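Okay, model-v4.csv is below, CSV, C-alpha atoms and all ligand atoms:
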```
chain,number,residue,atom,x,y,z
A,1,MET,CA,100.5,101.9,118.1
A,2,LYS,CA,97.4,99.7,117.8
A,3,LYS,CA,97.5,97.0,115.2
A,4,ILE,CA,96.0,97.9,111.9
A,5,ASN,CA,95.0,96.2,108.6
A,6,VAL,CA,96.1,97.6,105.2
A,7,ALA,CA,94.1,96.9,102.1
A,8,VAL,CA,95.9,97.3,98.7
A,9,ASP,CA,93.5,96.8,95.7
A,10,GLY,CA,93.9,97.3,92.0
A,11,THR,CA,94.2,95.7,88.6
A,12,SER,CA,96.6,92.9,87.8
A,13,SER,CA,100.3,93.7,87.5
A,14,SER,CA,99.8,97.2,88.9
A,15,GLY,CA,102.6,96.7,91.3
A,16,LYS,CA,100.3,96.3,94.3
A,17,SER,CA,101.8,93.0,95.5
A,18,CYS,CA,105.3,94.5,95.5
A,19,MET,CA,104.1,97.5,97.5
A,20,ALA,CA,102.2,95.4,100.0
A,21,ARG,CA,105.3,93.1,100.4
A,22,ALA,CA,107.6,96.1,100.9
A,23,LEU,CA,105.3,97.6,103.5
A,24,ALA,CA,105.1,94.2,105.3
A,25,GLU,CA,108.9,94.1,105.5
A,26,TYR,CA,109.1,97.6,106.7
A,27,SER,CA,106.3,97.5,109.3
A,28,GLY,CA,106.3,93.9,110.5
A,29,LEU,CA,102.7,93.5,109.3
A,30,THR,CA,101.9,90.0,107.8
A,31,TYR,CA,101.6,90.1,104.0
A,32,ILE,CA,98.8,88.0,102.4
A,33,ASP,CA,98.5,87.7,98.7
A,34,SER,CA,94.7,87.0,98.2
A,35,GLY,CA,95.2,86.5,94.4
A,36,ALA,CA,97.4,83.6,95.1
A,37,MET,CA,94.5,81.9,96.9
A,38,TYR,CA,92.3,82.2,93.8
A,39,ARG,CA,95.2,81.0,91.7
A,40,ALA,CA,95.7,78.0,93.9
A,41,ILE,CA,92.0,77.0,93.6
A,42,THR,CA,92.3,77.4,89.9
A,43,LEU,CA,95.3,75.2,89.7
A,44,TYR,CA,93.4,72.6,91.8
A,45,CYS,CA,90.5,72.8,89.2
A,46,LEU,CA,92.9,72.4,86.2
A,47,ASP,CA,94.8,69.5,87.8
A,48,ASN,CA,91.6,67.7,88.7
A,49,GLY,CA,89.7,68.1,85.5
A,50,LEU,CA,87.2,70.5,86.9
A,51,ILE,CA,87.7,73.0,84.0
A,52,SER,CA,86.8,72.1,80.4
A,53,ASP,CA,86.1,74.4,77.5
A,54,GLY,CA,86.4,77.4,79.8
A,55,LYS,CA,83.7,76.1,82.1
A,56,VAL,CA,84.1,75.2,85.7
A,57,ASP,CA,82.4,72.1,87.1
A,58,GLU,CA,80.9,74.1,90.0
A,59,ASP,CA,79.0,71.1,91.6
A,60,ALA,CA,82.3,69.2,91.9
A,61,LEU,CA,84.2,72.2,93.2
A,62,ARG,CA,81.5,73.1,95.7
A,63,LYS,CA,81.9,69.6,97.3
A,64,VAL,CA,85.6,69.9,97.8
A,65,ILE,CA,86.3,73.6,98.3
A,66,ASP,CA,86.4,73.5,102.1
A,67,SER,CA,88.8,70.6,102.1
A,68,ILE,CA,91.4,72.4,99.9
A,69,SER,CA,94.3,73.6,102.0
A,70,ILE,CA,96.0,76.9,100.9
A,71,THR,CA,98.9,78.0,103.1
A,72,PHE,CA,101.9,80.4,102.8
A,73,ALA,CA,105.5,79.9,103.9
A,74,LYS,CA,108.7,81.9,103.4
A,75,ASN,CA,111.3,80.4,101.1
A,76,ASP,CA,115.1,80.7,101.5
A,77,ASN,CA,115.0,84.1,99.7
A,78,GLY,CA,112.6,85.5,102.3
A,79,LEU,CA,109.7,85.5,99.8
A,80,GLN,CA,106.4,83.9,100.4
A,81,ASP,CA,105.6,80.7,98.5
A,82,THR,CA,102.0,79.4,98.2
A,83,TYR,CA,101.2,75.8,99.1
A,84,LEU,CA,98.2,73.9,97.8
A,85,ASN,CA,97.4,70.8,99.9
A,86,ASP,CA,101.0,71.1,101.3
A,87,VAL,CA,102.7,71.1,97.8
A,88,ASN,CA,104.7,74.2,96.8
A,89,VAL,CA,102.8,75.6,93.8
A,90,GLU,CA,104.3,79.1,93.6
A,91,LYS,CA,105.8,78.7,90.1
A,92,GLN,CA,102.7,76.9,88.7
A,93,ILE,CA,100.2,79.4,89.9
A,94,ARG,CA,102.1,82.3,88.2
A,95,GLY,CA,102.1,80.8,84.7
A,96,LEU,CA,99.7,81.6,81.9
A,97,ARG,CA,97.9,78.3,82.3
A,98,VAL,CA,96.5,79.4,85.6
A,99,SER,CA,96.4,83.1,84.6
A,100,ASN,CA,94.1,82.3,81.7
A,101,SER,CA,91.5,80.5,83.9
A,102,VAL,CA,91.7,82.3,87.2
A,103,SER,CA,89.2,85.0,86.5
A,104,ILE,CA,86.4,82.6,85.7
A,105,VAL,CA,87.1,80.7,89.0
A,106,ALA,CA,87.4,83.9,91.0
A,107,ALA,CA,84.0,85.1,89.6
A,108,ILE,CA,82.1,82.1,91.2
A,109,PRO,CA,80.2,83.4,94.2
A,110,PHE,CA,80.7,80.3,96.5
A,111,VAL,CA,84.5,80.4,95.7
A,112,ARG,CA,84.6,84.1,96.7
A,113,HIS,CA,82.6,83.5,99.9
A,114,ALA,CA,85.0,80.7,100.9
A,115,MET,CA,88.1,82.7,100.2
A,116,VAL,CA,86.8,85.9,101.8
A,117,ALA,CA,85.9,83.9,105.0
A,118,ARG,CA,89.5,82.6,105.1
A,119,GLN,CA,90.9,86.0,104.5
A,120,GLN,CA,88.8,87.7,107.1
A,121,ALA,CA,89.9,85.0,109.6
A,122,MET,CA,93.5,85.8,108.9
A,123,GLY,CA,92.9,89.5,109.5
A,124,LYS,CA,90.5,89.3,112.5
A,125,ASN,CA,93.2,90.2,115.0
A,126,LYS,CA,94.6,93.0,112.7
A,127,GLY,CA,98.3,93.2,111.7
A,128,VAL,CA,97.8,92.3,108.1
A,129,VAL,CA,98.6,93.9,104.7
A,130,MET,CA,96.5,92.1,102.1
A,131,ASP,CA,96.5,92.8,98.3
A,132,GLY,CA,93.7,91.9,95.9
A,133,ARG,CA,90.6,93.3,94.2
A,134,ASP,CA,88.0,93.5,96.9
A,135,ILE,CA,90.0,93.9,100.1
A,136,GLY,CA,88.9,97.4,100.9
A,137,THR,CA,85.3,96.9,99.8
A,138,THR,CA,84.5,93.4,101.0
A,139,VAL,CA,87.2,91.6,103.0
A,140,PHE,CA,88.3,94.4,105.3
A,141,PRO,CA,85.8,97.3,104.8
A,142,ASP,CA,87.1,98.6,108.2
A,143,ALA,CA,90.8,98.5,107.2
A,144,GLU,CA,92.6,101.5,108.6
A,145,ILE,CA,94.5,102.2,105.4
A,146,LYS,CA,93.0,101.5,101.9
A,147,VAL,CA,94.8,102.0,98.7
A,148,PHE,CA,93.6,101.5,95.1
A,149,VAL,CA,96.4,101.2,92.5
A,150,THR,CA,95.8,101.8,88.8
A,151,CYS,CA,98.1,101.6,85.8
A,152,SER,CA,97.7,101.5,82.0
A,153,ALA,CA,97.1,98.1,80.5
A,154,HIS,CA,100.1,98.4,78.2
A,155,GLU,CA,102.5,99.2,81.0
A,156,ARG,CA,101.1,96.4,83.1
A,157,ALA,CA,101.5,93.9,80.3
A,158,MET,CA,105.1,95.1,79.8
A,159,ARG,CA,105.9,94.6,83.4
A,160,ARG,CA,104.4,91.1,83.5
A,161,PHE,CA,106.1,90.2,80.2
A,162,ARG,CA,109.5,91.2,81.6
A,163,GLU,CA,108.8,89.3,84.8
A,164,LEU,CA,107.9,86.1,82.8
A,165,GLN,CA,111.0,86.4,80.7
A,166,SER,CA,113.2,86.9,83.7
A,167,LYS,CA,111.8,83.7,85.1
A,168,GLY,CA,112.8,81.9,81.9
A,169,ASP,CA,109.4,81.7,80.2
A,170,THR,CA,110.4,82.4,76.6
A,171,GLN,CA,107.4,80.9,74.9
A,172,VAL,CA,105.0,83.7,75.7
A,173,THR,CA,104.7,86.8,73.5
A,174,PHE,CA,104.0,90.4,74.6
A,175,ASP,CA,100.7,90.2,72.8
A,176,ASP,CA,99.6,87.1,74.7
A,177,VAL,CA,100.3,88.9,78.0
A,178,LEU,CA,98.5,92.0,76.9
A,179,ALA,CA,95.5,90.0,75.8
A,180,ASN,CA,95.5,88.2,79.2
A,181,VAL,CA,95.7,91.5,81.1
A,182,GLN,CA,92.8,93.0,79.2
A,183,MET,CA,90.7,89.9,79.5
A,184,ARG,CA,91.2,89.7,83.2
A,185,ASP,CA,90.5,93.4,83.7
A,186,LYS,CA,87.2,92.9,81.9
A,187,ILE,CA,86.1,89.8,83.8
A,188,ASP,CA,87.3,91.2,87.2
A,189,SER,CA,85.5,94.5,86.8
A,190,THR,CA,82.2,93.3,85.3
A,191,ARG,CA,81.6,90.2,87.5
A,192,GLU,CA,78.5,90.4,89.7
A,193,GLU,CA,80.1,89.2,92.9
A,194,SER,CA,82.4,91.9,94.5
A,195,PRO,CA,83.8,93.3,91.2
A,196,LEU,CA,87.1,95.2,91.2
A,197,ARG,CA,86.0,98.6,92.5
A,198,LYS,CA,87.7,101.4,94.5
A,199,ALA,CA,86.3,101.7,98.0
A,200,ASP,CA,84.9,105.2,98.6
A,201,ASP,CA,87.5,105.8,101.3
A,202,ALA,CA,90.5,104.4,99.4
A,203,ILE,CA,93.4,106.6,98.3
A,204,GLU,CA,94.1,106.2,94.6
A,205,LEU,CA,97.6,105.8,93.1
A,206,ASP,CA,98.2,105.8,89.3
A,207,SER,CA,101.5,103.9,89.0
A,208,THR,CA,101.8,104.1,85.2
A,209,HIS,CA,104.8,106.4,85.3
A,210,MET,CA,106.3,105.3,88.6
A,211,LEU,CA,109.2,103.1,89.4
A,212,LEU,CA,108.5,100.2,91.7
A,213,ASP,CA,110.7,101.7,94.3
A,214,GLU,CA,108.8,104.9,94.2
A,215,GLN,CA,105.5,103.0,94.6
A,216,ASN,CA,106.9,101.2,97.6
A,217,ARG,CA,108.1,104.4,99.2
A,218,TRP,CA,104.7,106.0,98.6
A,219,LEU,CA,102.9,103.3,100.6
A,220,ILE,CA,105.5,103.3,103.4
A,221,ARG,CA,105.1,107.1,103.6
A,222,LEU,CA,101.3,106.7,103.8
A,223,TYR,CA,101.7,104.2,106.6
A,224,ASP,CA,104.2,106.4,108.5
A,225,ASN,CA,101.8,109.4,108.2
A,226,TYR,CA,99.0,107.2,109.6
A,227,LYS,CA,101.1,106.2,112.5
A,228,GLU,CA,102.0,109.8,113.4
A,229,GLN,CA,98.3,110.7,113.7
A,230,PRO,CA,97.3,111.4,117.3
A,301,LIG,O1,96.4,89.6,91.9
A,301,LIG,P1,96.4,88.4,90.9
A,301,LIG,O2,96.6,88.9,89.5
A,301,LIG,O3,97.4,87.4,91.3
A,301,LIG,O4,95.0,87.8,91.0
A,301,LIG,C1,94.6,86.7,90.3
A,301,LIG,C2,93.1,86.7,89.9
A,301,LIG,O5,92.3,86.5,91.1
A,301,LIG,C3,92.6,87.9,89.2
A,301,LIG,O6,92.0,87.5,88.0
A,301,LIG,C4,91.6,88.5,90.1
A,301,LIG,C5,91.3,87.5,91.1
A,301,LIG,N1,91.3,88.1,92.4
A,301,LIG,C6,90.0,88.4,92.9
A,301,LIG,O7,89.0,88.3,92.3
A,301,LIG,N2,89.9,88.9,94.2
A,301,LIG,C7,91.0,89.1,95.0
A,301,LIG,N3,90.9,89.5,96.2
A,301,LIG,C8,92.3,88.8,94.4
A,301,LIG,C9,92.4,88.3,93.2
```

Starting from the file, give its structure as structure tokens.
Ligand code: DC
Amino acid sequence: MKKINVAVDGTSSSGKSCMARALAEYSGLTYIDSGAMYRAITLYCLDNGLISDGKVDEDALRKVIDSISITFAKNDNGLQDTYLNDVNVEKQIRGLRVSNSVSIVAAIPFVRHAMVARQQAMGKNKGVVMDGRDIGTTVFPDAEIKVFVTCSAHERAMRRFRELQSKGDTQVTFDDVLANVQMRDKIDSTREESPLRKADDAIELDSTHMLLDEQNRWLIRLYDNYKEQP
């Protein structure tokens, strides 16, 4: 079969990364978490004093953005970790400190252009499954398979809350997580530069009442059906 790209878009904590990862494992496609790239840039900004009072120092960020290295490597558990300038930042980029600021960083047009260019370079020879917000609309508008995952905000906050608790984060409350999910939805879908939007040719999946395993199998079935096409 010829190599293809798969775009998996949707709101935060809708299960799209798990689905994309499961498909990568099943199919041999390379998984790329585009959100991790925006999170890594956000961590860089926070650690270098480029965010204060909820505002990003855009001039300073613009000067360094092309020199910031973001890479991925598999850890001992077979999961992908994110590296910022060669330092493993996987844990830090998933915490609320980064989650609370990532939408404002991801809304800056020159940040998006820089990340989209890197993402397109990773998928130019096909063979990639990438999850994000604008993969089907902007990064890979010619992806062979496009999926748009939705899920109620309450259910997404519950999933994220359980995940944080299982990772030992006991400080954060459910209400904090729900507020963060709702705030990010609002910023992600109302920003001017490539907002969260379903591509016209994407297949929509409402995952509110689905188990993760069901979601994973749904995407794998879609991929298998595509492969079987003449
Ligand atoms: O998928 P995630 O929750 O890890 O994404 C983190 C943030 O980055 C989220 O607020 C939306 C933004 N993002 C984006 O704007 N475009 C993408 N392709 C991926 C993520």

query = What lies within 10 Å of Gln80 in chain A using only C-alpha atoms, ignoring chain neighbours under 2 positions off, as a PyMOL selection string?
reply = chain A and resi 21+31-33+71-78+82-83+90

query = Around (101.1, 99.7, 95.6) in the file's own coordinates, what residues are found within 12 Å if you use all atoms listed in the file, given back as number ranges by chain?
reply = A: 6-24, 129-132, 146-151, 203-208, 210-223

Can you pull out the residues contacting range 172-181 of chain A? Cut-off 12 Å, using all atoms listed in the file, and skip same-chain residues under 6 positions away; I want them as a PDB file with C-alpha atoms, in the frame of the given file.
```
ATOM      1  CA  THR A  11      94.200  95.700  88.600  1.00  0.00           C
ATOM      2  CA  SER A  12      96.600  92.900  87.800  1.00  0.00           C
ATOM      3  CA  SER A  13     100.300  93.700  87.500  1.00  0.00           C
ATOM      4  CA  SER A  14      99.800  97.200  88.900  1.00  0.00           C
ATOM      5  CA  GLY A  95     102.100  80.800  84.700  1.00  0.00           C
ATOM      6  CA  LEU A  96      99.700  81.600  81.900  1.00  0.00           C
ATOM      7  CA  ARG A  97      97.900  78.300  82.300  1.00  0.00           C
ATOM      8  CA  VAL A  98      96.500  79.400  85.600  1.00  0.00           C
ATOM      9  CA  SER A  99      96.400  83.100  84.600  1.00  0.00           C
ATOM     10  CA  ASN A 100      94.100  82.300  81.700  1.00  0.00           C
ATOM     11  CA  SER A 101      91.500  80.500  83.900  1.00  0.00           C
ATOM     12  CA  VAL A 102      91.700  82.300  87.200  1.00  0.00           C
ATOM     13  CA  SER A 103      89.200  85.000  86.500  1.00  0.00           C
ATOM     14  CA  CYS A 151      98.100 101.600  85.800  1.00  0.00           C
ATOM     15  CA  SER A 152      97.700 101.500  82.000  1.00  0.00           C
ATOM     16  CA  ALA A 153      97.100  98.100  80.500  1.00  0.00           C
ATOM     17  CA  HIS A 154     100.100  98.400  78.200  1.00  0.00           C
ATOM     18  CA  GLU A 155     102.500  99.200  81.000  1.00  0.00           C
ATOM     19  CA  ARG A 156     101.100  96.400  83.100  1.00  0.00           C
ATOM     20  CA  ALA A 157     101.500  93.900  80.300  1.00  0.00           C
ATOM     21  CA  MET A 158     105.100  95.100  79.800  1.00  0.00           C
ATOM     22  CA  ARG A 159     105.900  94.600  83.400  1.00  0.00           C
ATOM     23  CA  ARG A 160     104.400  91.100  83.500  1.00  0.00           C
ATOM     24  CA  PHE A 161     106.100  90.200  80.200  1.00  0.00           C
ATOM     25  CA  ARG A 162     109.500  91.200  81.600  1.00  0.00           C
ATOM     26  CA  GLU A 163     108.800  89.300  84.800  1.00  0.00           C
ATOM     27  CA  LEU A 164     107.900  86.100  82.800  1.00  0.00           C
ATOM     28  CA  GLN A 165     111.000  86.400  80.700  1.00  0.00           C
ATOM     29  CA  SER A 166     113.200  86.900  83.700  1.00  0.00           C
ATOM     30  CA  ILE A 187      86.100  89.800  83.800  1.00  0.00           C
ATOM     31  CA  ASP A 188      87.300  91.200  87.200  1.00  0.00           C
TER      32      ASP A 188
END
```

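Put simply, CA of Ile135 in chain A is 15.9 Å away from CA of Glu192 in chain A.
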
ask   = So, counting all atoms listed in the file, which residue among A:Ser34, A:Ser67, A:Thr42, A:Thr190 is closest to ligand LIG 301 (chain A)?
value =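 Between A:Ser34, A:Ser67, A:Thr42, A:Thr190, the residue approaching ligand LIG 301 (chain A) most closely is A:Ser34.
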
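Here CA of Gln229 in chain A and CA of Val128 in chain A stand 19.2 Å from one another.
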
task = Can you work out which one of A:Gly35, A:Gly123, A:Gly136, A:Gly28 has the shortest atom-to-atom distance to ligand LIG 301 (chain A), counting all atoms listed in the file?
result =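 Counting all atoms listed in the file, the residue closest to ligand LIG 301 (chain A) is A:Gly35.
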
inquiry  = Quick check, in Å to one decimal: how far apart do CA of Val56 in chain A and CA of Ala40 in chain A lie?
reply    =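 Between CA of Val56 in chain A and CA of Ala40 in chain A the gap works out to 14.5 Å.
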
Long-range neighbours of Ile41 in chain A as a list in words, 9 Å cut-off, all atoms listed in the file, 4 positions minimum in chain =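 Selected residues are Ala36, Met37, Cys45, Leu46, Ile65, Ile68, Ile70, Leu84, Val102, Val105, Ala106 and Val111 of chain A.
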
Top pick for closest residue to ligand LIG 301 (chain A), considering A:Asp86, A:Asp66, A:Tyr38, A:Lys124 and counting only C-alpha atoms and all ligand atoms =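 For ligand LIG 301 (chain A), the nearest of the given residues is A:Tyr38.
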
request  = Go through A:Glu228, A:Glu193, A:Asp200, A:Asp57 and flag the residue nearest ligand LIG 301 (chain A), using only C-alpha atoms and all ligand atoms for the distances.
outcome  = A:Glu193

query = Pick from A:Arg112, A:Lys126, A:Arg94, A:Lys55: nearest to Ile145 in chain A, with only C-alpha atoms counted?
reply = A:Lys126

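For the residues A:Glu144, A:Asp134, A:Asp169, A:Asp59, ranking by smallest atom-to-atom distance to ligand LIG 301 (chain A) using only C-alpha atoms and all ligand atoms places A:Asp134 first.
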
Some atoms are missing, so please complete range 107-118 of chain A with all heavy atoms and return it as a CSV table (one decimal), keeping the file's coordinate frame.
```
chain,number,residue,atom,x,y,z
A,107,ALA,N,85.3,84.4,89.8
A,107,ALA,CA,84.0,85.1,89.6
A,107,ALA,C,82.8,84.2,90.2
A,107,ALA,O,81.7,84.7,90.3
A,107,ALA,CB,83.7,85.3,88.1
A,108,ILE,N,83.2,83.0,90.6
A,108,ILE,CA,82.1,82.1,91.2
A,108,ILE,C,81.8,82.5,92.6
A,108,ILE,O,82.6,82.5,93.5
A,108,ILE,CB,82.5,80.6,91.1
A,108,ILE,CG1,82.9,80.2,89.7
A,108,ILE,CG2,81.5,79.7,91.7
A,108,ILE,CD1,83.6,78.9,89.6
A,109,PRO,N,80.5,82.9,92.9
A,109,PRO,CA,80.2,83.4,94.2
A,109,PRO,C,80.6,82.5,95.4
A,109,PRO,O,81.2,83.0,96.3
A,109,PRO,CB,78.6,83.6,94.1
A,109,PRO,CG,78.4,83.8,92.7
A,109,PRO,CD,79.4,83.0,91.9
A,110,PHE,N,80.4,81.2,95.3
A,110,PHE,CA,80.7,80.3,96.5
A,110,PHE,C,82.2,80.3,96.7
A,110,PHE,O,82.7,80.1,97.8
A,110,PHE,CB,80.0,79.0,96.4
A,110,PHE,CG,80.7,78.0,95.5
A,110,PHE,CD1,81.8,77.3,95.8
A,110,PHE,CD2,80.1,77.7,94.2
A,110,PHE,CE1,82.3,76.3,94.9
A,110,PHE,CE2,80.6,76.8,93.4
A,110,PHE,CZ,81.8,76.1,93.7
A,111,VAL,N,83.0,80.4,95.6
A,111,VAL,CA,84.5,80.4,95.7
A,111,VAL,C,84.9,81.7,96.4
A,111,VAL,O,85.6,81.7,97.4
A,111,VAL,CB,85.1,80.4,94.3
A,111,VAL,CG1,86.7,80.6,94.4
A,111,VAL,CG2,84.9,79.0,93.6
A,112,ARG,N,84.3,82.8,96.1
A,112,ARG,CA,84.6,84.1,96.7
A,112,ARG,C,84.2,84.0,98.2
A,112,ARG,O,85.0,84.5,99.0
A,112,ARG,CB,83.9,85.3,96.0
A,112,ARG,CG,84.2,85.4,94.6
A,112,ARG,CD,84.0,86.9,94.1
A,112,ARG,NE,85.0,87.7,94.8
A,112,ARG,CZ,86.3,87.9,94.3
A,112,ARG,NH1,86.7,87.2,93.3
A,112,ARG,NH2,87.1,88.6,95.0
A,113,HIS,N,83.0,83.5,98.5
A,113,HIS,CA,82.6,83.5,99.9
A,113,HIS,C,83.6,82.7,100.7
A,113,HIS,O,84.0,83.1,101.8
A,113,HIS,CB,81.2,82.9,100.0
A,113,HIS,CG,80.2,83.7,99.4
A,113,HIS,ND1,78.9,83.3,99.0
A,113,HIS,CD2,80.2,85.0,99.0
A,113,HIS,CE1,78.2,84.2,98.4
A,113,HIS,NE2,79.0,85.3,98.4
A,114,ALA,N,84.0,81.5,100.2
A,114,ALA,CA,85.0,80.7,100.9
A,114,ALA,C,86.3,81.4,101.1
A,114,ALA,O,86.9,81.3,102.2
A,114,ALA,CB,85.2,79.4,100.1
A,115,MET,N,86.8,82.0,100.1
A,115,MET,CA,88.1,82.7,100.2
A,115,MET,C,88.0,83.9,101.1
A,115,MET,O,88.9,84.2,101.9
A,115,MET,CB,88.7,83.1,98.8
A,115,MET,CG,89.0,82.0,97.9
A,115,MET,SD,90.2,80.8,98.6
A,115,MET,CE,89.1,79.4,98.9
A,116,VAL,N,86.9,84.7,100.9
A,116,VAL,CA,86.8,85.9,101.8
A,116,VAL,C,86.7,85.5,103.3
A,116,VAL,O,87.3,86.1,104.1
A,116,VAL,CB,85.5,86.7,101.4
A,116,VAL,CG1,85.2,87.8,102.4
A,116,VAL,CG2,85.8,87.4,100.0
A,117,ALA,N,86.0,84.4,103.6
A,117,ALA,CA,85.9,83.9,105.0
A,117,ALA,C,87.3,83.6,105.5
A,117,ALA,O,87.7,84.0,106.6
A,117,ALA,CB,85.0,82.7,105.1
A,118,ARG,N,88.1,82.9,104.7
A,118,ARG,CA,89.5,82.6,105.1
A,118,ARG,C,90.3,83.8,105.3
A,118,ARG,O,91.1,84.0,106.3
A,118,ARG,CB,90.2,81.7,104.1
A,118,ARG,CG,89.6,80.3,104.0
A,118,ARG,CD,90.4,79.4,103.0
A,118,ARG,NE,89.6,78.2,102.7
A,118,ARG,CZ,90.2,77.2,102.1
A,118,ARG,NH1,91.5,77.1,101.9
A,118,ARG,NH2,89.4,76.1,101.8
```
